[in-house]
Amino acid sequence: MTFLSHLITGLSLGSIYAIIALGYTMVYGIAKMLNFAHGDVIMVGAYICFFAVTGFALPPLVGILLAIILCTILGMVIERLAYKPLRQAASLTVLITAIGVSYFLQNSAQILWSASPKSFPTNFFNIGESKGITLFDGGLTISYVAIVTILCCLVIMAVLTFFTGQTKLGKAMRACSENKNASQLMGINVNTTISMTFAIGSALAAVAGVLMCSAYPTLMPTTGALPGIKAFTAAVFGGIGSIPGAFIGGILLGLIETFTKAYITTNLSDAVVFAVLIIVLLVKPAGLLGKYVPEKV
């Protein structure tokens, strides 16, 4: 039963990483940039939901929807003001800008909401007084937070796969990912496509922020920093730019971290995660599902 409990915990944590990694990989796949402010959008989404529920006594579902809407707008604003003017700039310039946006969001959150930790409500997904499903005569309890997190990840993955494969905007995103100049010649508005990619990624960040704080209820301005780095690691692990790769990388990362904490030591969990990443990249530099594309010069 202990193994199953750790497995459920790992799948739940991995699902959060996967949702965050999907935002990273979509932006990189289309805009070819690393949006290191993505982790801080997670934090903003969690704060919006927190104050909507605790400060204005709104229902949890309304708080989650409000977080998604405002984070979507925030992502589009960040792209328009910070990244669009640098569309033709060097990669290092864009990377430094992304780090600057990250610090701006963290410090703005500290000014607005203070640096003191806040206890995020943990009863969002409870049914009555029950916090989960009990199996095997009480030997295994699966929390509703874990169930909702895993289901959300699967649904988001399925919807994104359908969206990118079957819709007009999704096909435009895939075309921009292959070649922006050719896409523009075919009548695709590249700027609008990139902006919508940021909007979708930021909406996913809001969902991930709520799910993460429901499972790990301490909320601070730096809440999204470490999960953001780990989710970026998951995206690289699975193959940056690949949606299925981000999903697989996130799940594997969550399982590795959980089992390391359970059977080795909590002090080495992060070290083991990054060690596995290094080994994978040495064997397969493009990631598990990534494709190596030689650059023509």
# chains A, B, ... in the order shown; residues from 1 in each chain; ligands from 1
$ closest_atom_pairs --of "stretch 14-40 of chain A" --to "stretch 180-204 of chain A" --cutoff "9 Å" --atoms "only C-alpha atoms" --output "CSV"
residue,atom,partner,partner_atom,distance
A:Ile19,CA,A:Leu204,CA,6.3
A:Ile20,CA,A:Leu204,CA,6.7
A:Leu22,CA,A:Gly201,CA,7.2
A:Gly23,CA,A:Gly201,CA,4.0
A:Tyr24,CA,A:Gly201,CA,7.2
A:Thr25,CA,A:Gly201,CA,8.9
A:Met26,CA,A:Thr197,CA,6.7
A:Val27,CA,A:Thr197,CA,6.2
A:Ile30,CA,A:Ile194,CA,6.8
A:Ala31,CA,A:Ile194,CA,6.3
A:His38,CA,A:Ser202,CA,7.2
$ write_last_selection --atoms "C-alpha atoms" --output "mmCIF file, in the first residue's frame"
data_model
loop_
_atom_site.group_PDB
_atom_site.id
_atom_site.type_symbol
_atom_site.label_atom_id
_atom_site.label_comp_id
_atom_site.auth_asym_id
_atom_site.auth_seq_id
_atom_site.Cartn_x
_atom_site.Cartn_y
_atom_site.Cartn_z
ATOM 1 C CA ILE A 19 0.807 21.171 -17.043
ATOM 2 C CA ILE A 20 3.490 23.795 -16.378
ATOM 3 C CA LEU A 22 3.192 22.303 -21.572
ATOM 4 C CA GLY A 23 3.258 26.104 -21.293
ATOM 5 C CA TYR A 24 7.041 26.170 -21.610
ATOM 6 C CA THR A 25 7.166 23.800 -24.545
ATOM 7 C CA MET A 26 4.398 25.528 -26.513
ATOM 8 C CA VAL A 27 6.090 28.926 -26.266
ATOM 9 C CA ILE A 30 6.521 28.380 -31.688
ATOM 10 C CA ALA A 31 8.391 31.502 -30.540
ATOM 11 C CA HIS A 38 6.202 31.399 -16.763
#
$ residues_around --residues "stretch 12-18 of chain A" --least-positions-apart "2" --cutoff "6 Å" --atoms "only C-alpha atoms" --output "number ranges by chain"
A: 9-10, 20-21, 146, 149-150, 153, 208, 231, 246-247, 250-251, 254
$ atom_distance --atom1 "atom CA of A:Leu219" --atom2 "atom CA of A:Val62"
19.2 Å
$ closest_residue --among "A:Ile111, A:Ala37, A:Leu140, A:Met76" --to "A:Leu95" --atoms "only C-alpha atoms"
A:Ala37
$ atom_distance --atom1 "atom CA of A:Val210" --atom2 "atom CA of A:Ala46"
5.1 Å
$ residues_around --residues "A:Gly139" --least-positions-apart "4" --cutoff "12 Å" --atoms "only C-alpha atoms" --output "ChimeraX atom specification"
/A:1-5,133-135
$ residues_around --residues "A:Phe104" --least-positions-apart "3" --cutoff "12 Å" --atoms "only C-alpha atoms" --output "number ranges by chain"
A: 36-37, 40-41, 44, 78, 82, 97-101, 107-111, 221-222
$ write_last_selection --atoms "N, CA and C atoms" --output "PDB file, in the first residue's frame"
ATOM      1  N   PHE A  36      11.133  32.383 -18.992  1.00  0.00           N
ATOM      2  CA  PHE A  36      11.401  32.075 -17.594  1.00  0.00           C
ATOM      3  C   PHE A  36      10.462  32.815 -16.637  1.00  0.00           C
ATOM      4  N   ALA A  37       9.616  33.690 -17.156  1.00  0.00           N
ATOM      5  CA  ALA A  37       8.606  34.334 -16.311  1.00  0.00           C
ATOM      6  C   ALA A  37       7.380  33.444 -16.137  1.00  0.00           C
ATOM      7  N   ASP A  40       6.414  32.500 -12.639  1.00  0.00           N
ATOM      8  CA  ASP A  40       5.847  33.574 -11.825  1.00  0.00           C
ATOM      9  C   ASP A  40       4.391  33.857 -12.201  1.00  0.00           C
ATOM     10  N   VAL A  41       4.005  33.520 -13.428  1.00  0.00           N
ATOM     11  CA  VAL A  41       2.585  33.601 -13.794  1.00  0.00           C
ATOM     12  C   VAL A  41       1.797  32.575 -12.983  1.00  0.00           C
ATOM     13  N   VAL A  44       1.142  34.223  -9.703  1.00  0.00           N
ATOM     14  CA  VAL A  44       0.101  35.245  -9.830  1.00  0.00           C
ATOM     15  C   VAL A  44      -1.286  34.594  -9.878  1.00  0.00           C
ATOM     16  N   ILE A  78       2.387  40.585 -21.309  1.00  0.00           N
ATOM     17  CA  ILE A  78       3.831  40.355 -21.207  1.00  0.00           C
ATOM     18  C   ILE A  78       4.432  40.139 -22.595  1.00  0.00           C
ATOM     19  N   ALA A  82       6.965  43.030 -23.593  1.00  0.00           N
ATOM     20  CA  ALA A  82       8.340  42.633 -23.309  1.00  0.00           C
ATOM     21  C   ALA A  82       8.998  41.839 -24.435  1.00  0.00           C
ATOM     22  N   THR A  97      15.700  39.429 -20.860  1.00  0.00           N
ATOM     23  CA  THR A  97      14.408  40.094 -20.693  1.00  0.00           C
ATOM     24  C   THR A  97      13.438  39.216 -19.924  1.00  0.00           C
ATOM     25  N   ALA A  98      13.426  37.925 -20.242  1.00  0.00           N
ATOM     26  CA  ALA A  98      12.536  36.987 -19.552  1.00  0.00           C
ATOM     27  C   ALA A  98      12.871  36.906 -18.066  1.00  0.00           C
ATOM     28  N   ILE A  99      14.161  36.890 -17.743  1.00  0.00           N
ATOM     29  CA  ILE A  99      14.572  36.878 -16.340  1.00  0.00           C
ATOM     30  C   ILE A  99      14.144  38.173 -15.657  1.00  0.00           C
ATOM     31  N   GLY A 100      14.264  39.298 -16.379  1.00  0.00           N
ATOM     32  CA  GLY A 100      13.830  40.582 -15.832  1.00  0.00           C
ATOM     33  C   GLY A 100      12.333  40.614 -15.562  1.00  0.00           C
ATOM     34  N   VAL A 101      11.539  40.064 -16.482  1.00  0.00           N
ATOM     35  CA  VAL A 101      10.088  39.996 -16.269  1.00  0.00           C
ATOM     36  C   VAL A 101       9.768  39.131 -15.053  1.00  0.00           C
ATOM     37  N   ASN A 107       8.696  40.773  -7.462  1.00  0.00           N
ATOM     38  CA  ASN A 107       8.745  41.953  -6.601  1.00  0.00           C
ATOM     39  C   ASN A 107       7.416  42.701  -6.567  1.00  0.00           C
ATOM     40  N   SER A 108       6.697  42.690  -7.686  1.00  0.00           N
ATOM     41  CA  SER A 108       5.369  43.314  -7.695  1.00  0.00           C
ATOM     42  C   SER A 108       4.434  42.564  -6.756  1.00  0.00           C
ATOM     43  N   ALA A 109       4.516  41.223  -6.765  1.00  0.00           N
ATOM     44  CA  ALA A 109       3.689  40.422  -5.857  1.00  0.00           C
ATOM     45  C   ALA A 109       4.054  40.697  -4.404  1.00  0.00           C
ATOM     46  N   GLN A 110       5.343  40.892  -4.152  1.00  0.00           N
ATOM     47  CA  GLN A 110       5.764  41.180  -2.776  1.00  0.00           C
ATOM     48  C   GLN A 110       5.246  42.527  -2.311  1.00  0.00           C
ATOM     49  N   ILE A 111       5.234  43.511  -3.211  1.00  0.00           N
ATOM     50  CA  ILE A 111       4.708  44.841  -2.863  1.00  0.00           C
ATOM     51  C   ILE A 111       3.195  44.786  -2.660  1.00  0.00           C
ATOM     52  N   PRO A 221       5.463  34.957  -2.791  1.00  0.00           N
ATOM     53  CA  PRO A 221       5.820  35.509  -4.100  1.00  0.00           C
ATOM     54  C   PRO A 221       6.810  34.653  -4.884  1.00  0.00           C
ATOM     55  N   THR A 222       7.547  33.801  -4.196  1.00  0.00           N
ATOM     56  CA  THR A 222       8.505  32.920  -4.886  1.00  0.00           C
ATOM     57  C   THR A 222       7.955  31.506  -5.084  1.00  0.00           C
TER      58      THR A 222
END
$ atom_distance --atom1 "atom CA of A:Leu226" --atom2 "atom CA of A:Leu11"
18.2 Å
$ select_by_dssp --residues "stretch 121-259 of chain A" --states "strand (DSSP E or B)" --output "MDAnalysis selection string"
chainID A and resid 127 130 132:135 140:143 218:219
$ select_by_dssp --residues "stretch 113-205 of chain A" --states "helix (DSSP H, G or I)" --output "JSON, numbers by chain"
{"A": [113, 144, 145, 146, 147, 148, 149, 150, 151, 152, 153, 154, 155, 156, 157, 158, 159, 160, 161, 162, 163, 164, 165, 166, 168, 169, 170, 171, 172, 173, 174, 175, 176, 177, 178, 180, 181, 182, 183, 184, 185, 190, 191, 192, 193, 194, 195, 196, 197, 198, 199, 200, 201, 202, 203, 204, 205]}
$ write_last_selection --atoms "C-alpha atoms" --output "PDB file, in the first residue's frame"
ATOM      1  CA  TRP A 113       0.609  41.027  -1.196  1.00  0.00           C
ATOM      2  CA  TYR A 144      -9.519  14.395  -4.198  1.00  0.00           C
ATOM      3  CA  VAL A 145      -6.774  16.932  -4.962  1.00  0.00           C
ATOM      4  CA  ALA A 146      -4.641  14.141  -6.460  1.00  0.00           C
ATOM      5  CA  ILE A 147      -7.576  12.776  -8.467  1.00  0.00           C
ATOM      6  CA  VAL A 148      -8.531  16.197  -9.840  1.00  0.00           C
ATOM      7  CA  THR A 149      -4.894  17.026 -10.643  1.00  0.00           C
ATOM      8  CA  ILE A 150      -4.314  13.828 -12.617  1.00  0.00           C
ATOM      9  CA  LEU A 151      -7.650  14.132 -14.444  1.00  0.00           C
ATOM     10  CA  CYS A 152      -6.976  17.798 -15.284  1.00  0.00           C
ATOM     11  CA  CYS A 153      -3.600  16.874 -16.744  1.00  0.00           C
ATOM     12  CA  LEU A 154      -5.093  14.113 -18.905  1.00  0.00           C
ATOM     13  CA  VAL A 155      -7.943  16.337 -20.113  1.00  0.00           C
ATOM     14  CA  ILE A 156      -5.588  19.248 -20.899  1.00  0.00           C
ATOM     15  CA  MET A 157      -3.257  16.904 -22.764  1.00  0.00           C
ATOM     16  CA  ALA A 158      -6.122  15.491 -24.835  1.00  0.00           C
ATOM     17  CA  VAL A 159      -7.578  18.932 -25.599  1.00  0.00           C
ATOM     18  CA  LEU A 160      -4.187  20.356 -26.624  1.00  0.00           C
ATOM     19  CA  THR A 161      -3.513  17.369 -28.869  1.00  0.00           C
ATOM     20  CA  PHE A 162      -6.895  17.856 -30.574  1.00  0.00           C
ATOM     21  CA  PHE A 163      -6.427  21.639 -30.698  1.00  0.00           C
ATOM     22  CA  THR A 164      -3.004  21.566 -32.366  1.00  0.00           C
ATOM     23  CA  GLY A 165      -3.998  18.811 -34.780  1.00  0.00           C
ATOM     24  CA  GLN A 166      -7.535  19.719 -35.821  1.00  0.00           C
ATOM     25  CA  LYS A 168      -7.183  26.276 -37.701  1.00  0.00           C
ATOM     26  CA  LEU A 169      -5.268  28.133 -34.983  1.00  0.00           C
ATOM     27  CA  GLY A 170      -3.569  24.924 -33.864  1.00  0.00           C
ATOM     28  CA  LYS A 171      -2.410  24.206 -37.404  1.00  0.00           C
ATOM     29  CA  ALA A 172      -1.181  27.806 -37.653  1.00  0.00           C
ATOM     30  CA  MET A 173       0.870  27.242 -34.496  1.00  0.00           C
ATOM     31  CA  ARG A 174       2.399  24.092 -35.959  1.00  0.00           C
ATOM     32  CA  ALA A 175       3.198  25.936 -39.173  1.00  0.00           C
ATOM     33  CA  CYS A 176       4.890  28.790 -37.275  1.00  0.00           C
ATOM     34  CA  SER A 177       6.844  26.217 -35.325  1.00  0.00           C
ATOM     35  CA  GLU A 178       8.240  24.818 -38.578  1.00  0.00           C
ATOM     36  CA  LYS A 180       7.712  31.542 -39.456  1.00  0.00           C
ATOM     37  CA  ASN A 181       8.655  33.186 -42.757  1.00  0.00           C
ATOM     38  CA  ALA A 182       6.943  30.542 -44.854  1.00  0.00           C
ATOM     39  CA  SER A 183       3.883  30.706 -42.585  1.00  0.00           C
ATOM     40  CA  GLN A 184       3.668  34.455 -43.091  1.00  0.00           C
ATOM     41  CA  LEU A 185       3.838  33.993 -46.871  1.00  0.00           C
ATOM     42  CA  VAL A 190       2.603  35.147 -36.908  1.00  0.00           C
ATOM     43  CA  ASN A 191       2.304  37.845 -34.225  1.00  0.00           C
ATOM     44  CA  THR A 192      -1.283  36.870 -33.410  1.00  0.00           C
ATOM     45  CA  THR A 193      -0.348  33.198 -33.338  1.00  0.00           C
ATOM     46  CA  ILE A 194       2.509  33.791 -30.898  1.00  0.00           C
ATOM     47  CA  SER A 195       0.293  35.996 -28.739  1.00  0.00           C
ATOM     48  CA  MET A 196      -2.355  33.262 -28.561  1.00  0.00           C
ATOM     49  CA  THR A 197       0.339  30.758 -27.630  1.00  0.00           C
ATOM     50  CA  PHE A 198       1.320  32.924 -24.670  1.00  0.00           C
ATOM     51  CA  ALA A 199      -2.351  33.225 -23.721  1.00  0.00           C
ATOM     52  CA  ILE A 200      -2.830  29.445 -23.691  1.00  0.00           C
ATOM     53  CA  GLY A 201       0.424  28.894 -21.786  1.00  0.00           C
ATOM     54  CA  SER A 202      -0.540  31.480 -19.162  1.00  0.00           C
ATOM     55  CA  ALA A 203      -3.997  29.936 -18.743  1.00  0.00           C
ATOM     56  CA  LEU A 204      -2.318  26.573 -18.101  1.00  0.00           C
ATOM     57  CA  ALA A 205      -0.031  28.294 -15.589  1.00  0.00           C
TER      58      ALA A 205
END
$ residues_around --residues "A:Phe120" --least-positions-apart "3" --cutoff "9 Å" --atoms "only C-alpha atoms" --output "list in words"
Ala46, Tyr47, Phe50, Thr54, Val210, Cys213, Ser214, Tyr216, Pro217, Thr218 and Leu219 of chain A
$ closest_residue --among "A:Leu34, A:Ala206, A:Thr233, A:Phe259" --to "A:Ser102" --atoms "only C-alpha atoms"
A:Leu34
$ closest_residue --among "A:Ala262, A:Leu268, A:Val236, A:Leu112" --to "A:Leu288" --atoms "only C-alpha atoms"
A:Val236
$ residues_around --residues "stretch 277-285 of chain A" --least-positions-apart "6" --cutoff "12 Å" --atoms "only C-alpha atoms" --output "PyMOL selection string"
chain A and resi 230-240+249-250+252-253+256-257+270-271+291-293
$ write_last_selection --atoms "C-alpha atoms" --output "PDB file, in the first residue's frame"
ATOM      1  CA  LYS A 230      11.536  21.730 -12.451  1.00  0.00           C
ATOM      2  CA  ALA A 231       8.802  21.967 -15.072  1.00  0.00           C
ATOM      3  CA  PHE A 232      11.304  23.468 -17.502  1.00  0.00           C
ATOM      4  CA  THR A 233      13.548  20.506 -16.678  1.00  0.00           C
ATOM      5  CA  ALA A 234      10.602  18.206 -17.451  1.00  0.00           C
ATOM      6  CA  ALA A 235      10.084  19.937 -20.811  1.00  0.00           C
ATOM      7  CA  VAL A 236      13.765  19.457 -21.694  1.00  0.00           C
ATOM      8  CA  PHE A 237      13.620  15.896 -20.355  1.00  0.00           C
ATOM      9  CA  GLY A 238      10.731  14.979 -22.645  1.00  0.00           C
ATOM     10  CA  GLY A 239      11.950  17.044 -25.585  1.00  0.00           C
ATOM     11  CA  ILE A 240      11.474  20.817 -25.584  1.00  0.00           C
ATOM     12  CA  GLY A 249       8.751  14.393 -18.894  1.00  0.00           C
ATOM     13  CA  GLY A 250       6.516  15.891 -16.203  1.00  0.00           C
ATOM     14  CA  LEU A 252       8.557  10.905 -14.984  1.00  0.00           C
ATOM     15  CA  LEU A 253      10.018  13.842 -13.087  1.00  0.00           C
ATOM     16  CA  ILE A 256      11.498  10.212  -9.735  1.00  0.00           C
ATOM     17  CA  GLU A 257      11.266  13.005  -7.176  1.00  0.00           C
ATOM     18  CA  ASP A 270      16.483  17.535  -6.492  1.00  0.00           C
ATOM     19  CA  ALA A 271      20.022  16.287  -7.127  1.00  0.00           C
ATOM     20  CA  LYS A 291      13.901  15.495 -32.747  1.00  0.00           C
ATOM     21  CA  TYR A 292      17.428  16.507 -33.656  1.00  0.00           C
ATOM     22  CA  VAL A 293      17.272  19.017 -36.495  1.00  0.00           C
TER      23      VAL A 293
END
